[in-house]
$ cat protein_20.txt   # compact mmCIF, C-alpha atoms and all ligand atoms
# COMPACT_ATOMS: atom_id res chain seq x y z
CA MET L 58 -1.35 16.53 -29.71
CA GLU L 59 -0.14 17.45 -26.21
CA THR L 60 2.69 15.47 -24.68
CA PRO L 61 1.85 13.49 -21.51
CA LEU L 62 4.02 15.92 -19.54
CA ALA L 63 2.00 18.87 -20.84
CA GLU L 64 -1.21 17.14 -19.71
CA CYS L 65 0.23 16.56 -16.22
CA ALA L 66 1.56 20.07 -15.96
CA LYS L 67 -2.05 21.21 -16.28
CA GLY L 68 -2.82 19.49 -12.98
CA GLY L 69 -4.03 16.09 -14.09
CA HIS L 70 -2.97 13.03 -12.15
CA PHE L 71 -2.22 9.41 -12.88
CA HIS L 72 -4.53 7.71 -10.40
CA VAL L 73 -8.22 7.18 -11.03
CA VAL L 74 -11.13 7.71 -8.63
CA THR L 75 -11.66 4.12 -7.49
CA PRO L 76 -15.02 2.49 -6.77
CA LEU L 77 -16.29 2.29 -3.21
CA LEU L 78 -18.30 -0.92 -3.16
CA GLU L 79 -20.58 -2.15 -0.42
CA SER L 80 -19.68 -5.79 0.17
CA TRP L 81 -22.60 -8.00 1.10
CA ALA L 82 -20.33 -10.92 2.01
CA LEU L 83 -17.94 -8.96 4.23
CA SER L 84 -20.83 -7.07 5.83
CA GLN L 85 -22.33 -10.44 6.81
CA VAL L 86 -19.08 -11.45 8.49
CA ALA L 87 -18.54 -8.09 10.20
CA GLY L 88 -22.13 -7.57 11.31
CA THR L 89 -21.98 -4.02 9.97
CA THR L 90 -21.81 -2.45 6.52
CA VAL L 91 -18.39 -2.96 4.96
CA PHE L 92 -17.27 -0.76 2.09
CA LEU L 93 -14.33 -1.74 -0.11
CA LYS L 94 -12.15 1.04 -1.49
CA CYS L 95 -10.94 -0.78 -4.59
CA GLU L 96 -7.38 0.44 -5.11
CA ASN L 97 -6.60 -2.83 -6.86
CA VAL L 98 -8.18 -1.34 -9.99
CA GLN L 99 -5.74 1.58 -10.13
CA PRO L 100 -3.79 1.76 -13.44
CA ALA L 101 -0.62 0.32 -11.86
CA GLY L 102 -2.58 -2.13 -9.69
CA SER L 103 -2.33 -0.47 -6.28
CA PHE L 104 -2.87 2.70 -4.24
CA LYS L 105 0.85 3.43 -4.63
CA ILE L 106 0.18 5.38 -7.80
CA ARG L 107 -1.48 8.13 -5.76
CA GLY L 108 1.63 9.11 -3.80
CA ILE L 109 4.20 8.07 -6.36
CA GLY L 110 2.29 9.80 -9.15
CA HIS L 111 2.29 13.01 -7.13
CA PHE L 112 5.99 12.67 -6.30
CA CYS L 113 6.95 11.98 -9.94
CA GLN L 114 4.90 14.91 -11.23
CA GLU L 115 6.60 17.26 -8.78
CA ALA L 116 10.00 15.85 -9.77
CA ALA L 117 9.16 16.33 -13.46
CA LYS L 118 8.14 19.95 -12.85
CA LYS L 119 11.55 20.53 -11.25
CA GLY L 120 13.29 19.19 -14.34
CA CYS L 121 13.99 15.57 -13.40
CA ARG L 122 15.41 13.70 -16.39
CA HIS L 123 15.52 10.15 -15.03
CA LEU L 124 13.54 8.39 -12.30
CA VAL L 125 15.00 5.61 -10.15
CA CYS L 126 13.11 3.34 -7.76
CA SER L 127 14.33 0.37 -5.78
CA SER L 128 11.09 -1.53 -5.28
CA GLY L 129 10.19 -4.69 -7.15
CA GLY L 130 6.68 -4.48 -5.85
CA ASN L 131 3.88 -2.03 -6.33
CA ALA L 132 5.99 1.09 -5.82
CA GLY L 133 8.35 0.12 -8.64
CA ILE L 134 5.46 -0.68 -10.96
CA ALA L 135 3.81 2.66 -10.12
CA ALA L 136 7.09 4.54 -10.67
CA ALA L 137 7.68 2.84 -14.04
CA TYR L 138 4.10 3.58 -15.10
CA CYS L 139 4.33 7.27 -14.13
CA ALA L 140 7.73 7.61 -15.83
CA ARG L 141 6.28 6.25 -19.08
CA LYS L 142 3.34 8.65 -18.88
CA LEU L 143 5.69 11.55 -18.19
CA GLY L 144 8.01 10.54 -21.01
CA ILE L 145 10.93 10.27 -18.56
CA PRO L 146 13.25 7.22 -18.59
CA ALA L 147 13.15 5.04 -15.47
CA THR L 148 15.53 2.58 -13.86
CA ILE L 149 14.04 0.12 -11.39
CA VAL L 150 16.60 -1.64 -9.20
CA LEU L 151 15.56 -5.02 -7.82
CA PRO L 152 17.31 -7.66 -5.73
CA GLU L 153 18.70 -10.54 -7.79
CA GLY L 154 15.93 -12.98 -6.84
CA ALA L 155 13.17 -10.77 -8.31
CA SER L 156 10.40 -12.69 -10.03
CA GLN L 157 10.40 -12.85 -13.82
CA PRO L 158 6.77 -11.66 -14.18
CA VAL L 159 7.69 -8.48 -12.26
CA VAL L 160 10.78 -7.92 -14.39
CA ARG L 161 8.71 -8.41 -17.57
CA ARG L 162 6.01 -6.07 -16.30
CA LEU L 163 8.58 -3.35 -15.56
CA GLN L 164 10.26 -3.81 -18.92
CA GLY L 165 6.82 -3.67 -20.53
CA GLU L 166 6.45 -0.22 -18.97
CA GLY L 167 9.66 0.73 -20.76
CA ALA L 168 11.82 0.79 -17.62
CA GLU L 169 15.41 -0.39 -17.47
CA VAL L 170 15.69 -3.13 -14.85
CA GLN L 171 18.87 -3.65 -12.83
CA LEU L 172 19.25 -6.68 -10.56
CA VAL L 173 21.56 -5.80 -7.65
CA GLY L 174 22.26 -7.52 -4.33
CA LYS L 175 20.50 -10.19 -2.37
CA VAL L 176 17.96 -8.02 -0.52
CA TRP L 177 16.10 -4.74 -1.00
CA ASP L 178 18.55 -2.77 1.14
CA GLU L 179 21.37 -3.53 -1.31
CA ALA L 180 19.19 -2.63 -4.31
CA ASN L 181 18.26 0.56 -2.51
CA LEU L 182 21.92 1.53 -2.02
CA ARG L 183 22.43 1.16 -5.76
CA ALA L 184 19.33 3.30 -6.45
CA GLN L 185 20.66 6.02 -4.15
CA GLU L 186 24.02 5.87 -5.90
CA LEU L 187 22.35 6.23 -9.33
CA ALA L 188 20.26 9.15 -8.08
CA ARG L 189 23.47 11.14 -7.51
CA ARG L 190 23.75 11.52 -11.27
CA ASP L 191 22.78 14.88 -12.66
CA GLY L 192 19.02 15.11 -13.29
CA TRP L 193 18.27 11.70 -11.73
CA VAL L 194 15.76 11.44 -8.87
CA ASN L 195 15.18 8.54 -6.47
CA VAL L 196 11.49 7.75 -5.86
CA PRO L 197 10.96 6.79 -2.18
CA PRO L 198 8.36 4.02 -1.87
CA PHE L 199 6.75 5.30 1.34
CA ASP L 200 8.82 7.76 3.37
CA HIS L 201 8.33 11.22 1.88
CA PRO L 202 5.82 14.07 2.47
CA LEU L 203 4.91 14.17 -1.23
CA ILE L 204 4.02 10.48 -1.10
CA TRP L 205 1.71 11.06 1.88
CA GLU L 206 0.22 14.14 0.22
CA GLY L 207 -0.61 12.05 -2.85
CA HIS L 208 -2.30 9.35 -0.77
CA VAL L 209 -4.58 11.97 0.82
CA SER L 210 -6.73 11.90 -2.35
CA LEU L 211 -8.01 8.47 -1.30
CA VAL L 212 -9.67 9.87 1.83
CA ARG L 213 -11.06 12.84 -0.07
CA GLU L 214 -12.78 10.36 -2.37
CA LEU L 215 -14.19 8.51 0.64
CA LYS L 216 -15.62 11.75 1.97
CA ALA L 217 -17.18 12.55 -1.41
CA ALA L 218 -18.70 9.08 -1.73
CA LEU L 219 -19.84 8.50 1.86
CA GLY L 220 -20.67 11.98 3.11
CA SER L 221 -20.67 10.88 6.74
CA PRO L 222 -17.65 9.27 8.43
CA PRO L 223 -17.26 5.50 8.67
CA GLY L 224 -16.90 3.85 12.09
CA ALA L 225 -13.38 2.68 11.23
CA LEU L 226 -10.84 2.63 8.40
CA VAL L 227 -8.90 -0.60 7.90
CA LEU L 228 -5.61 -0.50 6.00
CA ALA L 229 -2.37 -2.45 5.63
CA VAL L 230 0.97 -1.09 6.82
CA GLY L 231 4.32 -1.76 5.17
CA GLY L 232 6.62 1.23 5.51
CA GLY L 233 3.72 3.35 6.73
CA GLY L 234 3.14 5.62 3.72
CA LEU L 235 -0.51 4.66 3.38
CA LEU L 236 -0.99 5.07 7.12
CA ALA L 237 0.65 8.52 7.11
CA GLY L 238 -1.33 9.64 4.04
CA GLY L 239 -4.57 8.13 5.36
CA SER L 240 -4.10 9.90 8.69
CA ALA L 241 -3.40 13.22 6.98
CA GLY L 242 -6.46 12.64 4.80
CA LEU L 243 -8.74 11.96 7.77
CA ALA L 244 -7.53 15.11 9.51
CA GLY L 245 -7.92 17.07 6.29
CA VAL L 246 -11.59 16.19 5.82
CA GLY L 247 -12.42 16.66 9.53
CA TRP L 248 -12.65 12.91 10.22
CA GLN L 249 -9.75 12.76 12.68
CA HIS L 250 -12.00 10.93 15.18
CA VAL L 251 -12.30 7.89 12.84
CA PRO L 252 -10.16 5.07 14.25
CA ILE L 253 -7.67 3.41 11.91
CA VAL L 254 -7.10 -0.32 12.19
CA ALA L 255 -3.51 -0.74 10.97
CA MET L 256 -2.89 -4.31 9.82
CA GLU L 257 0.42 -6.13 9.40
CA THR L 258 1.48 -9.74 9.04
CA ARG L 259 3.79 -11.32 11.59
CA GLY L 260 7.31 -11.17 10.23
CA ALA L 261 6.66 -7.80 8.57
CA HIS L 262 5.32 -6.07 11.69
CA CYS L 263 7.68 -3.11 12.01
CA PHE L 264 4.87 -0.69 12.91
CA ASN L 265 3.50 -2.94 15.65
CA ALA L 266 7.02 -3.43 17.04
CA ALA L 267 7.52 0.35 17.06
CA MET L 268 4.20 0.97 18.79
CA GLU L 269 5.00 -1.57 21.49
CA ALA L 270 8.48 -0.15 22.05
CA GLY L 271 7.35 3.48 21.78
CA ARG L 272 10.19 4.14 19.33
CA LEU L 273 11.30 3.00 15.87
CA VAL L 274 12.40 -0.62 15.76
CA THR L 275 14.31 -2.33 12.95
CA LEU L 276 13.22 -5.91 12.42
CA PRO L 277 16.16 -8.30 11.98
CA ASN L 278 14.53 -9.91 8.96
CA ILE L 279 11.35 -10.03 6.90
CA THR L 280 9.87 -13.50 7.24
CA SER L 281 6.28 -12.87 6.12
CA VAL L 282 5.03 -13.96 2.70
CA ALA L 283 3.49 -10.48 2.35
CA LYS L 284 6.70 -9.14 0.84
CA CYS L 285 5.09 -5.82 -0.07
CA LEU L 286 4.70 -5.12 3.64
CA GLY L 287 8.36 -5.95 4.15
CA ALA L 288 9.93 -2.73 5.39
CA LYS L 289 12.28 -3.47 8.27
CA THR L 290 11.67 -0.06 9.85
CA VAL L 291 8.47 1.95 9.63
CA ALA L 292 8.57 5.63 8.64
CA ALA L 293 8.95 7.91 11.67
CA ARG L 294 5.91 9.85 10.45
CA ALA L 295 3.73 6.72 10.78
CA LEU L 296 4.69 6.37 14.43
CA ALA L 297 4.07 10.10 15.00
CA CYS L 298 0.50 9.65 13.65
CA THR L 299 -0.31 7.57 16.72
CA GLN L 300 -0.10 10.79 18.78
CA GLU L 301 -2.69 12.47 16.56
CA LEU L 302 -5.31 9.80 15.82
CA GLN L 303 -6.65 6.62 17.33
CA ILE L 304 -4.62 3.93 15.61
CA LEU L 305 -5.06 0.29 16.54
CA SER L 306 -2.06 -1.76 15.47
CA GLU L 307 -2.92 -5.40 14.79
CA VAL L 308 -0.88 -8.34 13.53
CA VAL L 309 -2.23 -11.41 11.73
CA GLU L 310 -0.47 -14.60 10.74
CA ASP L 311 0.49 -15.18 7.12
CA SER L 312 -2.02 -18.04 7.04
CA GLU L 313 -4.83 -15.64 8.03
CA ALA L 314 -3.81 -13.14 5.33
CA VAL L 315 -3.68 -15.85 2.66
CA ALA L 316 -6.98 -17.38 3.83
CA ALA L 317 -8.49 -13.88 3.50
CA VAL L 318 -7.15 -13.63 -0.08
CA GLN L 319 -8.87 -16.94 -0.93
CA ARG L 320 -12.18 -15.99 0.72
CA PHE L 321 -12.15 -12.59 -0.94
CA LEU L 322 -11.62 -14.25 -4.31
CA ASP L 323 -14.63 -16.48 -3.70
CA ASP L 324 -16.78 -13.69 -2.23
CA GLU L 325 -15.95 -10.82 -4.57
CA ARG L 326 -14.23 -12.53 -7.54
CA MET L 327 -11.15 -10.33 -7.05
CA LEU L 328 -7.65 -11.75 -6.59
CA VAL L 329 -5.49 -9.59 -4.34
CA GLU L 330 -2.05 -10.10 -2.84
CA PRO L 331 -1.24 -11.16 0.75
CA ALA L 332 -0.43 -7.54 1.73
CA CYS L 333 -4.04 -6.75 1.00
CA GLY L 334 -5.13 -10.01 2.62
CA ALA L 335 -3.71 -8.60 5.86
CA ALA L 336 -6.32 -5.80 5.75
CA LEU L 337 -9.13 -8.15 4.72
CA ALA L 338 -8.19 -10.51 7.55
CA ALA L 339 -9.34 -7.84 10.00
CA ILE L 340 -12.86 -8.81 8.94
CA TYR L 341 -12.49 -12.47 7.98
CA SER L 342 -10.50 -13.52 11.06
CA GLY L 343 -13.10 -11.98 13.40
CA LEU L 344 -10.58 -9.42 14.67
CA LEU L 345 -12.96 -6.51 14.20
CA GLY L 346 -15.54 -8.19 16.43
CA ARG L 347 -12.88 -8.93 19.04
CA LEU L 348 -11.81 -5.27 19.06
CA GLN L 349 -15.46 -4.29 19.55
CA ALA L 350 -15.93 -6.84 22.33
CA ALA L 351 -12.80 -5.55 24.05
CA GLY L 352 -14.14 -1.99 23.93
CA ARG L 353 -11.32 -0.83 21.63
CA LEU L 354 -13.81 -0.10 18.84
CA SER L 355 -17.41 1.02 19.25
CA PRO L 356 -19.92 -1.87 19.47
CA THR L 357 -22.08 0.03 16.96
CA LEU L 358 -19.91 1.00 14.01
CA ALA L 359 -21.72 3.09 11.40
CA SER L 360 -19.75 1.26 8.70
CA VAL L 361 -16.24 0.03 8.07
CA VAL L 362 -14.07 0.95 5.09
CA VAL L 363 -11.39 -1.53 4.05
CA ILE L 364 -8.71 -0.29 1.66
CA VAL L 365 -8.26 -3.04 -0.93
CA CYS L 366 -4.72 -1.86 -1.52
CA GLY L 367 -3.50 -3.97 -4.42
CA GLY L 368 -3.41 -7.13 -6.42
CA ASN L 369 -0.27 -7.12 -8.54
CA ASN L 370 1.98 -9.67 -6.90
CA ILE L 371 -0.27 -12.68 -7.16
CA ASP L 372 -1.76 -15.09 -9.68
CA SER L 373 -3.73 -18.32 -9.30
CA ARG L 374 -0.59 -20.48 -9.22
CA GLU L 375 1.08 -18.28 -6.60
CA LEU L 376 -2.06 -18.48 -4.44
CA GLN L 377 -2.02 -22.30 -4.63
CA GLU L 378 1.66 -22.34 -3.71
CA LEU L 379 1.11 -20.00 -0.77
CA LYS L 380 -1.72 -22.13 0.55
CA ALA L 381 0.37 -25.28 0.21
CA GLN L 382 3.34 -23.59 1.91
CA LEU L 383 1.17 -22.41 4.79
CA GLY L 384 -0.61 -25.73 5.20
CA ARG L 385 -3.99 -24.82 3.78
CA SER L 386 -3.97 -26.61 0.47
C1 LIG M 1 -0.48 -3.83 -1.87
C2 LIG M 1 0.19 -3.05 -0.79
N1 LIG M 1 -0.48 -2.80 0.32
C3 LIG M 1 0.07 -2.11 1.34
C4 LIG M 1 1.36 -1.64 1.25
C5 LIG M 1 1.93 -0.89 2.41
O1 LIG M 1 2.10 0.45 2.07
P1 LIG M 1 3.10 1.38 2.87
O2 LIG M 1 4.48 0.93 2.54
O3 LIG M 1 2.77 2.73 2.36
O4 LIG M 1 2.77 1.20 4.31
C6 LIG M 1 2.11 -1.87 0.10
C7 LIG M 1 3.47 -1.39 -0.02
O5 LIG M 1 4.17 -1.64 -0.97
C8 LIG M 1 1.51 -2.58 -0.95
O6 LIG M 1 2.19 -2.82 -2.09
$ encode --input "protein_20.txt" --output "structure tokens" --more "lines below"
Ligand SMILES: Cc1ncc(COP(=O)(O)O)c(C=O)c1O
Amino acid sequence: METPLAECAKGGHFHVVTPLLESWALSQVAGTTVFLKCENVQPAGSFKIRGIGHFCQEAAKKGCRHLVCSSGGNAGIAAAYCARKLGIPATIVLPEGASQPVVRRLQGEGAEVQLVGKVWDEANLRAQELARRDGWVNVPPFDHPLIWEGHVSLVRELKAALGSPPGALVLAVGGGGLLAGGSAGLAGVGWQHVPIVAMETRGAHCFNAAMEAGRLVTLPNITSVAKCLGAKTVAARALACTQELQILSEVVEDSEAVAAVQRFLDDERMLVEPACGAALAAIYSGLLGRLQAAGRLSPTLASVVVIVCGGNNIDSRELQELKAQLGRS
């Protein structure tokens, strides 16, 4: 039997082609056809596996002997999953307060888990230090050309499934990897005229802050409950994309993102995390209609695609707690 690495060396990849579902419920709210690109059903639970899978495969081809990643969220889970498939050991470095379910999930993937520092930045320093060891490679969660290249596959799948371009693409922005890869993907399939609605939650809005300032801005703190969107500074490439495509940067409140998670659960029977709720809130909060009314999006959109980016960091109890915390119990 071939080793997993041999399979990958032949050009296979770790992500799956995800379903593109027409949502009756969201289409009713939006007043136009809404398609859901269901990245929540990826093997590691989010779109991250596209870029990180690509990065890890390239690292493996170059002889990497140990993968390191400093994310306790979807990037870390994707890195641990890819490492297991490649037969390469992985160390995932998390801040000390990391949740036990995440630690167990990572250990279940066979990764070594190190708890270092109070916040991600400290864990990241440790990951960078480890990656100086011979044969060790640090997996960047969002800021690397190979990550963006891997994410491009998502837009290729949209093109194959839809044929004609949607009226808009809605996605969530954390560090901007999905935005950079989505933009490259649109340009690559000749859909560079499709506007992107780039959604963030307040308190994790580093892209919006950068767009308003016209330069990179480092947020003093991450205060949003959408921790997976919690990069303090967006990737420079994400900001550069605004020169190449029409990108509308929009910010919703945590309460709107969490309300969207609850409505999506009721409408589609899928539980996703607040980071994904930020994208869904573009429809549920009426934002899309407001952008149309303000002339920032066409009043007649052919369709809208929402990237349902992931559903790892949530369960029914966490959703109840979030609603109680945000005053919507
Ligand atoms: C579920 C989910 N959605 C969106 C994002 C944002 O992705 P990016 O950091 O590439 O902007 C993340 C990042 O971790 C995520 O986990």
$ atom_distance --input "protein_20.txt" --atom1 "CA of Ala350 (chain L)" --atom2 "CA of Met268 (chain L)"
21.9 Å
$ atom_distance --input "protein_20.txt" --atom1 "CA of Leu236 (chain L)" --atom2 "CA of Gln319 (chain L)"
24.7 Å
$ closest_atom_pairs --input "protein_20.txt" --of "chain L" --to "ligand LIG 1 (chain M)" --cutoff "9 Å" --atoms "only C-alpha atoms and all ligand atoms" --output "CSV"
residue,atom,partner,partner_atom,distance
L:Glu96,CA,M:LIG1,C1,8.7
L:Asn97,CA,M:LIG1,C1,8.0
L:Gly102,CA,M:LIG1,C1,8.3
L:Ser103,CA,M:LIG1,C1,5.8
L:Phe104,CA,M:LIG1,C1,7.3
L:Lys105,CA,M:LIG1,O6,6.9
L:Gly108,CA,M:LIG1,O3,8.9
L:Ser128,CA,M:LIG1,O5,8.2
L:Gly130,CA,M:LIG1,O6,6.1
L:Asn131,CA,M:LIG1,O6,4.6
L:Ala132,CA,M:LIG1,O5,5.9
L:Gly133,CA,M:LIG1,O5,8.9
L:Pro198,CA,M:LIG1,O2,6.6
L:Phe199,CA,M:LIG1,O3,4.8
L:Asp200,CA,M:LIG1,O3,7.9
L:Ile204,CA,M:LIG1,O3,8.6
L:Trp205,CA,M:LIG1,O3,8.4
L:His208,CA,M:LIG1,O3,8.9
L:Leu228,CA,M:LIG1,C3,7.5
L:Ala229,CA,M:LIG1,C3,4.9
L:Val230,CA,M:LIG1,O4,3.8
L:Gly231,CA,M:LIG1,O4,3.5
L:Gly232,CA,M:LIG1,O2,3.7
L:Gly233,CA,M:LIG1,O4,3.4
L:Gly234,CA,M:LIG1,O3,3.2
L:Leu235,CA,M:LIG1,O3,3.9
L:Leu236,CA,M:LIG1,O4,6.1
L:Ala237,CA,M:LIG1,O3,7.8
L:Gly238,CA,M:LIG1,O3,8.2
L:Glu257,CA,M:LIG1,C5,8.9
L:Ala283,CA,M:LIG1,C2,8.7
L:Lys284,CA,M:LIG1,O5,8.1
L:Cys285,CA,M:LIG1,O5,4.4
L:Leu286,CA,M:LIG1,C5,5.2
L:Gly287,CA,M:LIG1,C7,7.9
L:Ala288,CA,M:LIG1,O2,7.2
L:Val291,CA,M:LIG1,O4,7.8
L:Ala292,CA,M:LIG1,O4,8.5
L:Ala295,CA,M:LIG1,O4,8.6
L:Val329,CA,M:LIG1,C1,8.0
L:Glu330,CA,M:LIG1,C1,6.5
L:Pro331,CA,M:LIG1,C1,7.8
L:Ala332,CA,M:LIG1,N1,4.9
L:Cys333,CA,M:LIG1,N1,5.4
L:Gly334,CA,M:LIG1,N1,8.9
L:Ala335,CA,M:LIG1,N1,8.6
L:Ala336,CA,M:LIG1,N1,8.5
L:Ile364,CA,M:LIG1,N1,8.7
L:Val365,CA,M:LIG1,C1,7.9
L:Cys366,CA,M:LIG1,C1,4.7
L:Gly367,CA,M:LIG1,C1,4.0
L:Gly368,CA,M:LIG1,C1,6.3
L:Asn369,CA,M:LIG1,C1,7.4
L:Asn370,CA,M:LIG1,C1,8.1
$ atom_distance --input "protein_20.txt" --atom1 "CA of Cys113 (chain L)" --atom2 "CA of Gly245 (chain L)"
22.6 Å
$ closest_residue --input "protein_20.txt" --among "L:Pro277, L:Pro222, L:Gly120, L:Gly239" --to "Trp193 (chain L)" --atoms "all atoms listed in the file"
L:Gly120
$ closest_residue --input "protein_20.txt" --among "L:Leu354, L:Leu182, L:Val308, L:Ala316" --to "Pro252 (chain L)" --atoms "all atoms listed in the file"
L:Leu354
$ closest_residue --input "protein_20.txt" --among "L:Leu215, L:Ala351, L:Leu273, L:Ala184" --to "Leu93 (chain L)" --atoms "all atoms listed in the file"
L:Leu215
$ residues_around --input "protein_20.txt" --residues "Ser156 (chain L)" --least-positions-apart "4" --cutoff "9 Å" --atoms "only C-alpha atoms" --output "ChimeraX atom specification"
/L:129,160-161
$ write_last_selection --input "protein_20.txt" --atoms "C-alpha atoms" --output "tab-separated table (two decimals), keeping the file's coordinate frame"
chain	number	residue	atom	x	y	z
L	129	GLY	CA	10.19	-4.69	-7.15
L	160	VAL	CA	10.78	-7.92	-14.39
L	161	ARG	CA	8.71	-8.41	-17.57
$ closest_residue --input "protein_20.txt" --among "L:Gly343, L:Leu379, L:Asp372, L:Leu302" --to "Leu83 (chain L)" --atoms "only C-alpha atoms"
L:Gly343
$ closest_residue --input "protein_20.txt" --among "L:Pro197, L:Gly224, L:Pro100, L:Gly207" --to "Leu358 (chain L)" --atoms "only C-alpha atoms"
L:Gly224
$ residues_around --input "protein_20.txt" --residues "region 68-72 of chain L" --least-positions-apart "3" --cutoff "9 Å" --atoms "all atoms listed in the file" --output "count of residues only"
16
$ axis_aligned_box --input "protein_20.txt" --around "region 168-174 of chain L" --padding-each-side "6 Å" --output "JSON"
{"center_x": 17.0, "center_y": -3.4, "center_z": -11.0, "size_x": 22.4, "size_y": 20.3, "size_z": 25.3}
$ closest_residue --input "protein_20.txt" --among "L:His262, L:His123, L:Lys118, L:Lys289" --to "Asp178 (chain L)" --atoms "only C-alpha atoms"
L:Lys289
$ residues_around --input "protein_20.txt" --residues "Gln249 (chain L)" --least-positions-apart "5" --cutoff "12 Å" --atoms "only C-alpha atoms" --output "ChimeraX atom specification"
/L:212,222-226,239-244,298-304
$ decode --input "protein_20.txt" --residues "region 278-331 of chain L" --atoms "C-alpha atoms" --output "compact mmCIF listing (two decimals), in the first residue's frame"
# COMPACT_ATOMS: atom_id res chain seq x y z
CA ASN L 278 -6.75 44.15 21.25
CA ILE L 279 -9.16 41.53 19.97
CA THR L 280 -12.45 41.99 21.77
CA SER L 281 -14.83 40.11 19.45
CA VAL L 282 -16.18 36.67 20.35
CA ALA L 283 -15.26 35.57 16.80
CA LYS L 284 -11.78 34.58 17.95
CA CYS L 285 -10.96 32.95 14.62
CA LEU L 286 -11.17 36.38 13.01
CA GLY L 287 -8.81 37.72 15.66
CA ALA L 288 -5.73 38.83 13.76
CA LYS L 289 -4.57 42.20 15.05
CA THR L 290 -3.11 43.17 11.67
CA VAL L 291 -4.41 42.05 8.29
CA ALA L 292 -2.01 40.64 5.68
CA ALA L 293 -0.59 43.36 3.43
CA ARG L 294 -1.72 41.32 0.43
CA ALA L 295 -5.36 41.59 1.55
CA LEU L 296 -5.13 45.38 1.56
CA ALA L 297 -3.41 45.33 -1.85
CA CYS L 298 -6.38 43.35 -3.26
CA THR L 299 -8.54 46.44 -2.78
CA GLN L 300 -6.60 48.06 -5.65
CA GLU L 301 -7.45 45.17 -7.96
CA LEU L 302 -11.08 44.26 -7.21
CA GLN L 303 -14.19 45.86 -5.83
CA ILE L 304 -14.07 44.95 -2.16
CA LEU L 305 -16.70 46.23 0.23
CA SER L 306 -15.48 46.06 3.81
CA GLU L 307 -18.30 45.70 6.33
CA VAL L 308 -18.37 45.26 10.09
CA VAL L 309 -21.15 43.64 12.13
CA GLU L 310 -21.60 43.45 15.88
CA ASP L 311 -20.89 40.19 17.69
CA SER L 312 -24.60 39.98 18.51
CA GLU L 313 -25.45 40.06 14.78
CA ALA L 314 -22.90 37.33 14.01
CA VAL L 315 -24.21 35.11 16.81
CA ALA L 316 -27.85 35.77 15.85
CA ALA L 317 -26.89 34.70 12.30
CA VAL L 318 -25.38 31.47 13.68
CA GLN L 319 -28.67 30.71 15.48
CA ARG L 320 -30.85 31.53 12.45
CA PHE L 321 -28.63 29.48 10.17
CA LEU L 322 -28.93 26.53 12.54
CA ASP L 323 -32.71 26.79 12.41
CA ASP L 324 -32.85 27.43 8.65
CA GLU L 325 -30.25 24.96 7.40
CA ARG L 326 -29.68 22.64 10.40
CA MET L 327 -25.95 23.46 10.35
CA LEU L 328 -24.08 24.80 13.38
CA VAL L 329 -21.25 27.15 12.42
CA GLU L 330 -18.97 29.37 14.48
CA PRO L 331 -19.28 33.15 14.97
